[in-house]
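Asks: What follows is data_21.txt, made up of compact mmCIF, C-alpha atoms:
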```
# COMPACT_ATOMS: atom_id res chain seq x y z
CA MET I 1484 1.55 38.05 -24.85
CA ASN I 1485 2.99 34.64 -24.06
CA THR I 1486 3.09 34.30 -20.26
CA LEU I 1487 6.02 32.27 -18.98
CA TYR I 1488 5.49 29.87 -16.09
CA THR I 1489 7.73 27.77 -13.92
CA LEU I 1490 7.03 24.15 -14.76
CA PHE I 1491 8.08 21.05 -12.87
CA ALA I 1492 8.01 17.69 -14.62
CA THR I 1493 8.12 14.66 -12.34
CA CYS I 1494 9.66 11.38 -13.53
CA PRO I 1495 10.99 8.05 -12.25
CA ARG I 1496 14.29 8.54 -10.46
CA GLY I 1497 17.22 8.00 -12.79
CA LEU I 1498 15.50 9.46 -15.85
CA GLU I 1499 16.08 13.14 -15.02
CA THR I 1500 18.78 13.57 -17.69
CA VAL I 1501 16.63 12.06 -20.42
CA LEU I 1502 13.66 14.19 -19.36
CA SER I 1503 15.84 17.33 -19.36
CA GLN I 1504 16.79 16.63 -22.97
CA GLU I 1505 13.14 16.12 -23.89
CA LEU I 1506 12.04 19.40 -22.31
CA GLY I 1507 14.90 21.30 -23.90
CA SER I 1508 13.95 19.98 -27.34
CA LEU I 1509 10.38 21.24 -26.78
CA GLY I 1510 11.50 24.82 -26.26
CA CYS I 1511 11.65 24.96 -22.45
CA THR I 1512 14.32 27.19 -20.92
CA ASP I 1513 16.22 27.26 -17.61
CA VAL I 1514 16.08 23.48 -17.49
CA GLN I 1515 17.37 22.11 -14.19
CA ALA I 1516 17.34 18.49 -13.06
CA PHE I 1517 16.46 17.55 -9.49
CA ASP I 1518 15.97 14.23 -7.75
CA GLY I 1519 12.76 12.83 -9.23
CA GLY I 1520 12.01 15.63 -11.65
CA VAL I 1521 13.06 18.57 -13.80
CA SER I 1522 12.28 22.27 -13.40
CA CYS I 1523 12.03 24.58 -16.40
CA ARG I 1524 10.39 27.71 -17.77
CA GLY I 1525 7.85 27.79 -20.55
CA GLY I 1526 4.51 29.07 -21.76
CA LEU I 1527 1.28 27.22 -22.39
CA GLU I 1528 2.71 25.84 -25.64
CA GLN I 1529 5.60 24.19 -23.79
CA ALA I 1530 3.27 22.87 -21.07
CA TYR I 1531 0.92 21.36 -23.68
CA ALA I 1532 3.80 20.00 -25.76
CA ALA I 1533 5.48 18.40 -22.75
CA ASN I 1534 2.27 16.53 -21.92
CA LEU I 1535 1.84 15.46 -25.52
CA HIS I 1536 5.43 14.53 -26.42
CA SER I 1537 7.36 13.62 -23.27
CA ARG I 1538 7.92 9.86 -23.08
CA THR I 1539 9.52 9.89 -19.61
CA ALA I 1540 7.61 12.49 -17.57
CA SER I 1541 5.02 11.39 -15.01
CA ARG I 1542 3.28 14.76 -14.61
CA ILE I 1543 3.73 18.34 -15.81
CA LEU I 1544 3.02 20.73 -12.94
CA LEU I 1545 2.60 24.49 -13.34
CA ARG I 1546 3.67 26.55 -10.36
CA LEU I 1547 1.15 29.08 -9.05
CA THR I 1548 3.07 30.44 -6.08
CA LYS I 1549 6.12 29.96 -3.89
CA GLY I 1550 6.88 31.35 -0.44
CA THR I 1551 8.32 30.71 2.97
CA TYR I 1552 6.38 29.42 5.96
CA ARG I 1553 6.74 28.97 9.69
CA THR I 1554 3.31 27.56 10.51
CA GLU I 1555 0.37 26.07 8.65
CA ARG I 1556 -1.28 29.51 8.84
CA ASP I 1557 1.41 30.89 6.51
CA ILE I 1558 0.61 28.12 4.03
CA TYR I 1559 -3.09 28.98 4.26
CA LYS I 1560 -2.46 32.65 3.47
CA LEU I 1561 -0.20 31.80 0.55
CA ALA I 1562 -2.77 29.42 -0.94
CA LYS I 1563 -5.71 31.76 -0.43
CA ASN I 1564 -3.97 34.62 -2.24
CA ILE I 1565 -3.96 32.62 -5.49
CA ASN I 1566 -6.68 33.70 -7.94
CA TRP I 1567 -8.13 30.21 -8.17
CA PHE I 1568 -11.17 31.38 -10.15
CA ASN I 1569 -8.78 32.21 -13.02
CA TRP I 1570 -7.92 28.52 -13.23
CA PHE I 1571 -11.17 26.63 -12.58
CA THR I 1572 -14.82 27.26 -11.87
CA LEU I 1573 -17.11 26.83 -8.90
CA GLN I 1574 -18.83 23.89 -10.62
CA GLN I 1575 -15.62 21.89 -11.03
CA THR I 1576 -14.21 19.49 -8.46
CA PHE I 1577 -10.65 19.47 -7.12
CA LYS I 1578 -8.21 17.44 -5.09
CA VAL I 1579 -5.15 18.46 -3.06
CA LYS I 1580 -2.00 16.35 -2.73
CA VAL I 1581 0.88 17.29 -0.44
CA GLU I 1582 4.44 16.01 -0.57
CA ALA I 1583 7.34 17.07 1.60
CA LYS I 1584 11.02 16.64 2.32
CA ARG I 1585 12.14 17.46 5.86
CA ALA I 1586 9.14 19.76 6.30
CA ASN I 1587 8.58 21.50 9.64
CA VAL I 1588 4.95 20.53 10.00
CA LYS I 1589 3.21 18.08 12.27
CA SER I 1590 1.02 16.45 9.63
CA LEU I 1591 0.98 16.48 5.84
CA GLN I 1592 -2.68 15.52 5.97
CA PHE I 1593 -3.41 18.66 7.97
CA VAL I 1594 -1.46 20.73 5.42
CA GLY I 1595 -3.64 19.23 2.70
CA LEU I 1596 -6.77 20.24 4.60
CA THR I 1597 -5.30 23.71 5.09
CA VAL I 1598 -4.73 24.18 1.36
CA LYS I 1599 -8.21 22.82 0.65
CA ASP I 1600 -9.76 25.29 3.09
CA ALA I 1601 -7.81 28.15 1.51
CA VAL I 1602 -9.10 27.25 -1.97
CA CYS I 1603 -12.71 26.97 -0.72
CA ASP I 1604 -12.49 30.22 1.24
CA ALA I 1605 -11.08 32.06 -1.78
CA PHE I 1606 -14.11 31.00 -3.83
CA ARG I 1607 -16.52 31.69 -0.95
CA ASP I 1608 -15.24 35.28 -0.65
CA ILE I 1609 -16.19 35.93 -4.29
CA TYR I 1610 -19.21 33.69 -4.94
CA ASP I 1611 -20.50 32.91 -1.43
CA ALA I 1612 -20.15 29.24 -2.39
CA ARG I 1613 -17.33 26.71 -2.65
CA PRO I 1614 -16.30 23.99 -5.12
CA SER I 1615 -16.52 20.36 -4.11
CA VAL I 1616 -13.69 17.94 -3.43
CA ASP I 1617 -13.46 14.71 -5.43
CA LYS I 1618 -10.65 12.40 -4.38
CA ALA I 1619 -11.37 9.77 -7.03
CA ALA I 1620 -11.75 11.67 -10.31
CA PRO I 1621 -11.28 15.41 -9.79
CA ASP I 1622 -11.45 17.95 -12.59
CA VAL I 1623 -8.46 19.80 -11.16
CA ARG I 1624 -5.49 18.49 -9.17
CA ILE I 1625 -3.51 20.77 -6.87
CA HIS I 1626 -0.06 19.80 -5.61
CA ALA I 1627 1.84 21.35 -2.70
CA PHE I 1628 5.53 20.65 -2.05
CA LEU I 1629 7.21 21.57 1.23
CA ASP I 1630 10.80 21.56 2.43
CA GLU I 1631 12.23 22.92 5.67
CA ARG I 1632 11.36 26.56 4.88
CA ASN I 1633 9.57 26.85 1.54
CA VAL I 1634 6.25 25.80 0.09
CA GLU I 1635 5.36 25.65 -3.59
CA ILE I 1636 1.82 25.22 -4.90
CA PHE I 1637 1.21 23.82 -8.37
CA ILE I 1638 -1.72 23.04 -10.60
CA ASP I 1639 -1.48 19.75 -12.46
CA THR I 1640 -1.71 20.18 -16.25
CA SER I 1641 -1.61 16.41 -16.88
CA GLY I 1642 -4.64 15.07 -15.04
CA GLU I 1643 -4.04 11.34 -14.97
CA ALA I 1644 -0.35 10.39 -14.77
CA LEU I 1645 1.39 10.54 -18.14
CA PHE I 1646 2.44 6.90 -18.09
CA LYS I 1647 -1.24 6.19 -18.72
CA ARG I 1648 -0.98 6.52 -22.50
CA GLY I 1649 -4.58 5.53 -23.11
CA TYR I 1650 -3.99 2.16 -24.75
CA ARG I 1651 -3.53 -0.27 -21.85
CA LEU I 1652 -6.60 -2.41 -21.20
CA ASP I 1653 -5.30 -4.57 -18.37
CA THR I 1654 -2.32 -3.94 -16.10
CA GLY I 1655 -1.55 -7.62 -15.57
CA GLU I 1656 0.91 -8.74 -12.91
CA ALA I 1657 3.80 -6.42 -11.97
CA PRO I 1658 3.34 -4.12 -14.98
CA LEU I 1659 6.21 -1.94 -16.16
CA ARG I 1660 5.07 1.66 -16.38
CA GLU I 1661 5.16 3.04 -19.89
CA ASN I 1662 7.31 6.08 -19.13
CA LEU I 1663 9.88 3.88 -17.36
CA ALA I 1664 9.95 1.50 -20.33
CA ALA I 1665 10.49 4.43 -22.71
CA GLY I 1666 13.16 5.83 -20.39
CA LEU I 1667 15.06 2.53 -20.45
CA LEU I 1668 15.02 2.56 -24.24
CA LEU I 1669 16.12 6.19 -24.54
CA SER I 1670 18.82 5.73 -21.87
CA ALA I 1671 20.16 2.79 -23.86
CA GLY I 1672 20.52 5.03 -26.90
CA TYR I 1673 17.56 3.67 -28.83
CA ASP I 1674 16.16 6.17 -31.31
CA GLY I 1675 14.20 3.92 -33.66
CA THR I 1676 16.96 3.48 -36.24
CA GLN I 1677 18.09 0.11 -34.83
CA PRO I 1678 16.47 -3.31 -35.31
CA PHE I 1679 14.62 -4.49 -32.21
CA GLN I 1680 14.29 -7.97 -30.72
CA ASP I 1681 12.83 -8.80 -27.32
CA PRO I 1682 12.50 -12.56 -26.74
CA PHE I 1683 11.00 -12.04 -23.27
CA CYS I 1684 8.60 -9.16 -23.85
CA GLY I 1685 5.95 -10.16 -21.28
CA SER I 1686 2.89 -7.97 -21.83
CA GLY I 1687 4.87 -5.95 -24.36
CA THR I 1688 5.33 -2.57 -22.69
CA ILE I 1689 8.90 -2.08 -23.92
CA ALA I 1690 7.95 -3.40 -27.35
CA ILE I 1691 5.05 -0.98 -27.74
CA GLU I 1692 7.06 1.99 -26.50
CA ALA I 1693 9.86 1.06 -28.90
CA ALA I 1694 7.40 0.93 -31.78
CA TRP I 1695 6.07 4.38 -30.90
CA ILE I 1696 9.59 5.82 -30.70
CA ALA I 1697 10.49 4.29 -34.06
CA THR I 1698 7.43 5.76 -35.75
CA GLY I 1699 7.70 9.15 -34.01
CA ARG I 1700 4.26 8.77 -32.51
CA ALA I 1701 3.55 11.22 -29.69
CA PRO I 1702 2.79 9.26 -26.49
CA GLY I 1703 -0.12 11.54 -25.56
CA MET I 1704 -2.10 11.20 -28.78
CA MET I 1705 -4.64 8.75 -27.34
CA ARG I 1706 -5.63 10.51 -24.11
CA ARG I 1707 -7.05 13.66 -22.54
CA PHE I 1708 -5.21 16.05 -20.21
CA GLY I 1709 -5.95 18.12 -17.15
CA PHE I 1710 -5.17 21.41 -18.89
CA GLU I 1711 -8.18 20.89 -21.16
CA LYS I 1712 -10.41 21.58 -18.13
CA LEU I 1713 -8.64 24.75 -17.02
CA GLN I 1714 -10.10 28.22 -17.60
CA ASN I 1715 -7.14 29.41 -19.67
CA PHE I 1716 -7.23 26.41 -22.03
CA ASP I 1717 -6.19 27.50 -25.53
CA LYS I 1718 -8.06 25.14 -27.84
CA THR I 1719 -6.60 26.65 -31.02
CA LEU I 1720 -3.04 26.13 -29.77
CA TRP I 1721 -3.81 22.58 -28.65
CA THR I 1722 -5.43 21.66 -31.98
CA ASP I 1723 -2.38 22.96 -33.84
CA LEU I 1724 0.01 20.98 -31.61
CA ARG I 1725 -1.96 17.77 -32.18
CA ARG I 1726 -2.07 18.37 -35.93
CA ARG I 1727 1.70 18.83 -36.05
CA ALA I 1728 2.24 15.71 -33.92
CA GLU I 1729 0.11 13.63 -36.29
CA ALA I 1730 2.08 14.97 -39.27
CA GLN I 1731 5.37 13.87 -37.64
CA THR I 1732 4.31 10.22 -37.42
CA ARG I 1733 6.36 8.18 -39.89
CA PRO I 1734 6.84 4.58 -40.98
CA SER I 1735 9.89 2.71 -39.69
CA ALA I 1736 12.33 0.85 -41.91
CA HIS I 1737 13.56 -1.65 -39.33
CA ARG I 1738 12.46 -5.13 -38.35
CA PHE I 1739 10.66 -5.55 -35.05
CA ARG I 1740 10.25 -8.84 -33.19
CA ALA I 1741 9.05 -9.66 -29.70
CA ALA I 1742 8.12 -12.96 -28.05
CA THR I 1743 6.03 -13.96 -25.07
CA ALA I 1744 4.45 -17.15 -23.71
CA THR I 1745 1.22 -16.72 -25.68
CA ALA I 1746 -0.15 -14.15 -28.05
CA ALA I 1747 -3.15 -13.70 -25.75
CA SER I 1748 -0.95 -12.62 -22.83
CA PHE I 1749 0.37 -9.84 -25.03
CA ARG I 1750 -2.80 -8.73 -26.77
CA ARG I 1751 -5.18 -8.72 -23.82
CA HIS I 1752 -3.31 -5.76 -22.31
CA TRP I 1753 -3.61 -3.42 -25.27
CA THR I 1754 -6.20 -1.76 -27.49
CA THR I 1755 -6.00 -2.31 -31.23
CA HIS I 1756 -4.76 1.28 -31.48
CA ALA I 1757 -1.57 0.26 -29.65
CA VAL I 1758 -1.19 -3.06 -31.50
CA PRO I 1759 -2.72 -2.26 -34.90
CA LYS I 1760 -2.77 -4.14 -38.19
CA TRP I 1761 0.99 -4.06 -38.61
CA MET I 1762 1.47 -6.50 -35.73
CA THR I 1763 0.42 -10.14 -36.11
CA SER I 1764 1.31 -13.32 -34.24
CA PHE I 1765 2.70 -16.65 -35.32
CA PRO I 1766 3.95 -19.72 -33.39
CA SER I 1767 7.70 -20.08 -33.19
CA ALA I 1768 9.98 -22.49 -31.37
CA LEU I 1769 12.89 -20.28 -30.40
CA PRO I 1770 16.17 -22.10 -31.17
CA THR I 1771 18.58 -22.47 -28.27
CA ARG I 1772 21.12 -24.99 -27.02
CA ASN I 1773 19.99 -24.49 -23.45
CA PRO I 1774 17.57 -27.38 -22.66
CA SER I 1775 15.92 -25.36 -19.89
CA VAL I 1776 14.46 -22.94 -22.40
CA ARG I 1777 13.49 -25.35 -25.20
CA THR I 1778 9.84 -24.40 -25.00
CA ALA I 1779 7.69 -23.19 -27.82
CA LYS I 1780 6.73 -19.56 -27.55
CA THR I 1781 4.55 -17.26 -29.55
CA ALA I 1782 6.42 -14.62 -31.46
CA LEU I 1783 4.88 -11.34 -32.41
CA TRP I 1784 6.01 -9.93 -35.71
CA CYS I 1785 5.77 -6.38 -36.91
CA PRO I 1786 6.66 -5.14 -40.40
CA ILE I 1787 7.19 -1.57 -39.19
CA ARG I 1788 10.37 -2.96 -37.57
CA PRO I 1789 11.65 -0.88 -34.58
CA THR I 1790 13.99 -1.18 -31.40
CA VAL I 1791 16.75 -2.06 -28.97
CA TYR I 1792 19.41 -4.63 -28.33
CA ALA I 1793 21.37 -2.66 -25.76
CA LEU I 1794 19.04 -3.69 -22.93
CA ARG I 1795 19.58 -7.41 -23.50
CA LYS I 1796 23.07 -8.18 -22.18
CA SER I 1797 23.04 -11.75 -20.86
CA THR I 1798 24.67 -14.67 -22.70
CA LEU I 1799 21.31 -16.36 -23.14
CA CYS I 1800 19.74 -13.21 -24.55
CA ARG I 1801 22.65 -12.69 -26.93
CA HIS I 1802 22.17 -16.26 -28.15
CA PHE I 1803 18.47 -15.63 -28.73
CA ILE I 1804 19.25 -12.49 -30.70
CA ARG I 1805 21.93 -14.24 -32.80
CA SER I 1806 19.96 -17.37 -33.56
CA TRP I 1807 16.40 -16.06 -33.72
CA GLY I 1808 17.30 -12.92 -35.62
CA ARG I 1809 18.70 -14.68 -38.69
CA GLY I 1810 15.29 -14.69 -40.33
```
As a first step, turn the structure in this file into structure tokens.

Replies:
Amino acid sequence: MNTLYTLFATCPRGLETVLSQELGSLGCTDVQAFDGGVSCRGGLEQAYAANLHSRTASRILLRLTKGTYRTERDIYKLAKNINWFNWFTLQQTFKVKVEAKRANVKSLQFVGLTVKDAVCDAFRDIYDARPSVDKAAPDVRIHAFLDERNVEIFIDTSGEALFKRGYRLDTGEAPLRENLAAGLLLSAGYDGTQPFQDPFCGSGTIAIEAAWIATGRAPGMMRRFGFEKLQNFDKTLWTDLRRRAEAQTRPSAHRFRAATATAASFRRHWTTHAVPKWMTSFPSALPTRNPSVRTAKTALWCPIRPTVYALRKSTLCRHFIRSWGRG
């Protein structure tokens, strides 16, 4: 029997509509957008698929319980009544994170300690021992959300945030998160069927995300997820989802160009899996009539040819696209 859960996918504000469309296409039902995330219903297959395929989500949270509260003691009781041993073991570590909006509590930190105590006491009642807390690299992440009257407790199926695709080596200065870059592309209407030129690509986040959209590559193919450490992990289902995702990867028929100050500033941020053999570099003096930008740059060329012109609106950018794109 396929158990249905309430899922909540967090995302950068402004990308809720795009994320709703993604979740709907993955088979989720009762999709509802909220500020900073999207709620939906789905089974383990939808939870796994959302982690694997969503380009804009930050985390996929699975709700374990919801109830009302008046004091922190009510939150403790609600958390302790969860069968935590059905989700993780005594030997695994965990971490609790609490977020709130107009919550009637004195301290969110104290609420976090309350939920932590409830989890430990639930294990202690069964095993006479408790799991350890690891704030740096926990096996399991627990999230609690409070408003004025209600508290919801979730288990994190993602582990590390989903914008961590697994291919970034160095964040560099002021990095653009991968899910935000993908969201900008999708919001602009980019679907991989358009030519792409980015004359100011920086470390190449938008360029890489565009290439992955154009080739249909699932953004979660290079990383591990939190649900793989949970007790109800379905390895057969997960293997099948990954196999199908690999089969959906396709070549792109459109030209892809991106430029930055030096090739090294682009390549040092990414593994060769993100920038593979199809992307090479060559020196190019970008033609322009504006003397302030008559500097040689390094262009990165890619024969798989993906992405977007809709994001580049300025007169200077339009000139770059007209003049540089003639080749």

Asks: Provide the atom CA of I:Leu1645 to atom CA of I:Thr1489 distance in Å, to one decimal place.

Replies: 18.8 Å

Asks: Nearest to I:Ser1735: which of I:Ile1609, I:Gly1675, I:Leu1720, I:Pro1682 is it, counting only C-alpha atoms?

Replies: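 For I:Ser1735, the nearest of the given residues is I:Gly1675.
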
Asks: Please report as JSON lines every residue of stretch 1667-1757 of chain I lying within 9 Å of stretch 1567-1578 of chain I, along with the nearest atom pair and their distance in Å (one decimal), using only C-alpha atoms.

Replies:
```
{"residue": "I:Lys1712", "atom": "CA", "partner": "I:Phe1571", "partner_atom": "CA", "distance": 7.5}
{"residue": "I:Leu1713", "atom": "CA", "partner": "I:Trp1570", "partner_atom": "CA", "distance": 5.4}
{"residue": "I:Gln1714", "atom": "CA", "partner": "I:Trp1570", "partner_atom": "CA", "distance": 4.9}
{"residue": "I:Asn1715", "atom": "CA", "partner": "I:Trp1570", "partner_atom": "CA", "distance": 6.5}
```

Asks: Between I:Ala1619, I:Ala1530, I:Ala1562, I:Ala1742, single out the one closest to I:Glu1711, counting all atoms listed in the file.

Replies: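 Of the candidates, the smallest distance to I:Glu1711 is held by I:Ala1530.
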
Asks: I:Val1501, I:Ile1625, I:Lys1718, I:Lys1599: which is nearest I:Tyr1673, counting all atoms listed in the file?

Replies: I:Val1501

Asks: Interatomic distance between atom CA of I:Thr1493 and atom CA of I:Asn1566?

Replies: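 Atom CA of I:Asn1566 lies 24.5 Å from atom CA of I:Thr1493.
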
Asks: Residues near stretch 1516-1529 of chain I, anyone? I mean within 12 Å using only C-alpha atoms, not counting same-chain ones fewer than 4 positions away, as number ranges by chain.

Replies: I: 1484-1512, 1533-1537, 1539-1546, 1584, 1640, 1710-1711, 1713, 1715-1725

Asks: I need the chosen residues saved as a PDB file, in the coordinates of the input, with C-alpha atoms.

Replies:
```pdb
ATOM      1  CA  MET I1484       1.550  38.050 -24.850  1.00  0.00           C
ATOM      2  CA  ASN I1485       2.990  34.640 -24.060  1.00  0.00           C
ATOM      3  CA  THR I1486       3.090  34.300 -20.260  1.00  0.00           C
ATOM      4  CA  LEU I1487       6.020  32.270 -18.980  1.00  0.00           C
ATOM      5  CA  TYR I1488       5.490  29.870 -16.090  1.00  0.00           C
ATOM      6  CA  THR I1489       7.730  27.770 -13.920  1.00  0.00           C
ATOM      7  CA  LEU I1490       7.030  24.150 -14.760  1.00  0.00           C
ATOM      8  CA  PHE I1491       8.080  21.050 -12.870  1.00  0.00           C
ATOM      9  CA  ALA I1492       8.010  17.690 -14.620  1.00  0.00           C
ATOM     10  CA  THR I1493       8.120  14.660 -12.340  1.00  0.00           C
ATOM     11  CA  CYS I1494       9.660  11.380 -13.530  1.00  0.00           C
ATOM     12  CA  PRO I1495      10.990   8.050 -12.250  1.00  0.00           C
ATOM     13  CA  ARG I1496      14.290   8.540 -10.460  1.00  0.00           C
ATOM     14  CA  GLY I1497      17.220   8.000 -12.790  1.00  0.00           C
ATOM     15  CA  LEU I1498      15.500   9.460 -15.850  1.00  0.00           C
ATOM     16  CA  GLU I1499      16.080  13.140 -15.020  1.00  0.00           C
ATOM     17  CA  THR I1500      18.780  13.570 -17.690  1.00  0.00           C
ATOM     18  CA  VAL I1501      16.630  12.060 -20.420  1.00  0.00           C
ATOM     19  CA  LEU I1502      13.660  14.190 -19.360  1.00  0.00           C
ATOM     20  CA  SER I1503      15.840  17.330 -19.360  1.00  0.00           C
ATOM     21  CA  GLN I1504      16.790  16.630 -22.970  1.00  0.00           C
ATOM     22  CA  GLU I1505      13.140  16.120 -23.890  1.00  0.00           C
ATOM     23  CA  LEU I1506      12.040  19.400 -22.310  1.00  0.00           C
ATOM     24  CA  GLY I1507      14.900  21.300 -23.900  1.00  0.00           C
ATOM     25  CA  SER I1508      13.950  19.980 -27.340  1.00  0.00           C
ATOM     26  CA  LEU I1509      10.380  21.240 -26.780  1.00  0.00           C
ATOM     27  CA  GLY I1510      11.500  24.820 -26.260  1.00  0.00           C
ATOM     28  CA  CYS I1511      11.650  24.960 -22.450  1.00  0.00           C
ATOM     29  CA  THR I1512      14.320  27.190 -20.920  1.00  0.00           C
ATOM     30  CA  ALA I1533       5.480  18.400 -22.750  1.00  0.00           C
ATOM     31  CA  ASN I1534       2.270  16.530 -21.920  1.00  0.00           C
ATOM     32  CA  LEU I1535       1.840  15.460 -25.520  1.00  0.00           C
ATOM     33  CA  HIS I1536       5.430  14.530 -26.420  1.00  0.00           C
ATOM     34  CA  SER I1537       7.360  13.620 -23.270  1.00  0.00           C
ATOM     35  CA  THR I1539       9.520   9.890 -19.610  1.00  0.00           C
ATOM     36  CA  ALA I1540       7.610  12.490 -17.570  1.00  0.00           C
ATOM     37  CA  SER I1541       5.020  11.390 -15.010  1.00  0.00           C
ATOM     38  CA  ARG I1542       3.280  14.760 -14.610  1.00  0.00           C
ATOM     39  CA  ILE I1543       3.730  18.340 -15.810  1.00  0.00           C
ATOM     40  CA  LEU I1544       3.020  20.730 -12.940  1.00  0.00           C
ATOM     41  CA  LEU I1545       2.600  24.490 -13.340  1.00  0.00           C
ATOM     42  CA  ARG I1546       3.670  26.550 -10.360  1.00  0.00           C
ATOM     43  CA  LYS I1584      11.020  16.640   2.320  1.00  0.00           C
ATOM     44  CA  THR I1640      -1.710  20.180 -16.250  1.00  0.00           C
ATOM     45  CA  PHE I1710      -5.170  21.410 -18.890  1.00  0.00           C
ATOM     46  CA  GLU I1711      -8.180  20.890 -21.160  1.00  0.00           C
ATOM     47  CA  LEU I1713      -8.640  24.750 -17.020  1.00  0.00           C
ATOM     48  CA  ASN I1715      -7.140  29.410 -19.670  1.00  0.00           C
ATOM     49  CA  PHE I1716      -7.230  26.410 -22.030  1.00  0.00           C
ATOM     50  CA  ASP I1717      -6.190  27.500 -25.530  1.00  0.00           C
ATOM     51  CA  LYS I1718      -8.060  25.140 -27.840  1.00  0.00           C
ATOM     52  CA  THR I1719      -6.600  26.650 -31.020  1.00  0.00           C
ATOM     53  CA  LEU I1720      -3.040  26.130 -29.770  1.00  0.00           C
ATOM     54  CA  TRP I1721      -3.810  22.580 -28.650  1.00  0.00           C
ATOM     55  CA  THR I1722      -5.430  21.660 -31.980  1.00  0.00           C
ATOM     56  CA  ASP I1723      -2.380  22.960 -33.840  1.00  0.00           C
ATOM     57  CA  LEU I1724       0.010  20.980 -31.610  1.00  0.00           C
ATOM     58  CA  ARG I1725      -1.960  17.770 -32.180  1.00  0.00           C
TER      59      ARG I1725
END
```
